[in-house]
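Working notes, beginning with the structure itself.
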Amino acid sequence: MDVKNLIESLRRPASRAAARRQLESHEDGTAVAEALGLLLADETSGDNAVWAAAQIATSRGLTQLIPLLAPQIERRTGLRMELVAALEALSGCQYGAEADWPALLASPPASCRLASLLAVSPGCAEVQIEALRLLAVVKLPGERTQLVEVIETESGGLRIESSCGPGRHDAVEIERLSQQIPFAELWIDPVGQVHMMAEIDSNTDDAAAAELVRRVAAISDTLELQLTGKDEL
């Protein structure tokens, strides 16, 4: 059966499940994406057909359908959770069910923009993107990795943090090391964990912010090795 007929079958309860399976594995992915786009743009499409379209888009990773899926959240409130799950899977962004998805996708927050610049893949185990937060595992030379958290501040700037390893450390030594890092500071939390933190204002462009994230990752990883002898992320 051709793609057009399969799409029409999504609209009928008796044939929907079989059509969905065939569309998920159809060899012509471009044709499937285009046909699903037309179905989503058609306001007369039923909720069940839209649900099936969202499932197929997720299964096939059809990210080009994100702009058409996002507006469906407000149009089809009964499908809110299913549509949000599809959008989170396709975009890698964890905005949640109450967020204004169309607005956030049209103007991505710094967390999403930095994820792209850092070459971390949305949706994989190495990155978690929320509306105001990026949690990413940055890959470093020598097969080492470092976990970095980027949080957007109330002023529109960014706070970049990374742990330098567990254990109880000498406060004087940590302060000495901190003074050697002009763009960041080190501090010790109540359980003895050493952290590195850097802040930048809202006027910093994305490329410079991404470079600072890489520097924080690299230096905090070096300190982690120096302090613990391990790679704890």
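Labels used: A, B, ... for chains in the order of the structure tokens, numbers from 1 for residues in each chain, and numbers from 1 for ligands as shown.
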Using only C-alpha atoms, tabulate the residues of range 79-127 of chain A lying at most 12 Å from any atom of range 52-64 of chain A, each with its closest atom pair and that distance in Å to one decimal, by chain and increasing residue number, as a Markdown table.
| residue | atom | partner | partner_atom | distance |
| --- | --- | --- | --- | --- |
| A:Leu79 | CA | A:Ala54 | CA | 10.1 |
| A:Arg80 | CA | A:Ala54 | CA | 11.4 |
| A:Met81 | CA | A:Ala54 | CA | 11.4 |
| A:Glu82 | CA | A:Ala54 | CA | 8.0 |
| A:Leu83 | CA | A:Ala54 | CA | 6.7 |
| A:Val84 | CA | A:Ala54 | CA | 9.7 |
| A:Ala85 | CA | A:Thr58 | CA | 9.0 |
| A:Ala86 | CA | A:Thr58 | CA | 5.8 |
| A:Leu87 | CA | A:Thr58 | CA | 8.1 |
| A:Glu88 | CA | A:Thr58 | CA | 9.4 |
| A:Ala89 | CA | A:Thr58 | CA | 6.7 |
| A:Leu90 | CA | A:Thr63 | CA | 5.6 |
| A:Ser91 | CA | A:Thr63 | CA | 7.0 |
| A:Gly92 | CA | A:Thr63 | CA | 10.3 |
| A:Leu105 | CA | A:Thr63 | CA | 11.8 |
| A:Pro122 | CA | A:Thr63 | CA | 11.3 |
| A:Gly123 | CA | A:Gly61 | CA | 10.7 |
- Item | DSSP-assigned alpha helix (DSSP H) members of range 155-233 of chain A, reported as a ChimeraX atom specification | /A:171-179,206-228
- With distances taken over only C-alpha atoms, the candidate from A:Val150, A:Leu36, A:Val138, A:Met196 nearest Ile181 in chain A is A:Met196
- Task: Tell me, as a PyMOL selection string, which residues lie within 10 Å of Gln226 in chain A, counting only C-alpha atoms; anything in the same chain fewer than 4 positions away does not count.
- Result: chain A and resi 164-165+220-222+230
Restricting the output to C-alpha atoms, write the selected residues as a PDB file, in the first residue's frame.
ATOM      1  CA  CYS A 164      36.088  18.195  40.997  1.00  0.00           C
ATOM      2  CA  GLY A 165      35.626  15.030  42.999  1.00  0.00           C
ATOM      3  CA  SER A 220      37.702  20.619  36.732  1.00  0.00           C
ATOM      4  CA  ASP A 221      38.547  17.219  35.246  1.00  0.00           C
ATOM      5  CA  THR A 222      42.281  17.924  35.707  1.00  0.00           C
ATOM      6  CA  LYS A 230      39.902   9.072  39.360  1.00  0.00           C
TER       7      LYS A 230
END
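Nearest-residue note for Ile219 in chain A: choosing from A:Ala103, A:Ala14, A:Met197, A:Leu23, the minimum distance belongs to A:Met197, counting only C-alpha atoms.
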- Item | Coordinates-based distance that separates CA of Pro108 in chain A from CA of Glu199 in chain A (Å, one decimal) | 20.2 Å
- Shell of 6 Å around range 152-157 of chain A, only C-alpha atoms, local chain residues under 6 positions omitted, as a PyMOL selection string: chain A and resi 132+200-202
Write to file, as a compact mmCIF listing (two decimals), in the first residue's frame, the residues of the selection just made, with C-alpha atoms.
# COMPACT_ATOMS: atom_id res chain seq x y z
CA LEU A 132 16.69 26.78 32.07
CA ILE A 200 28.95 34.99 32.55
CA ASP A 201 26.52 37.78 31.81
CA SER A 202 23.71 37.93 29.29
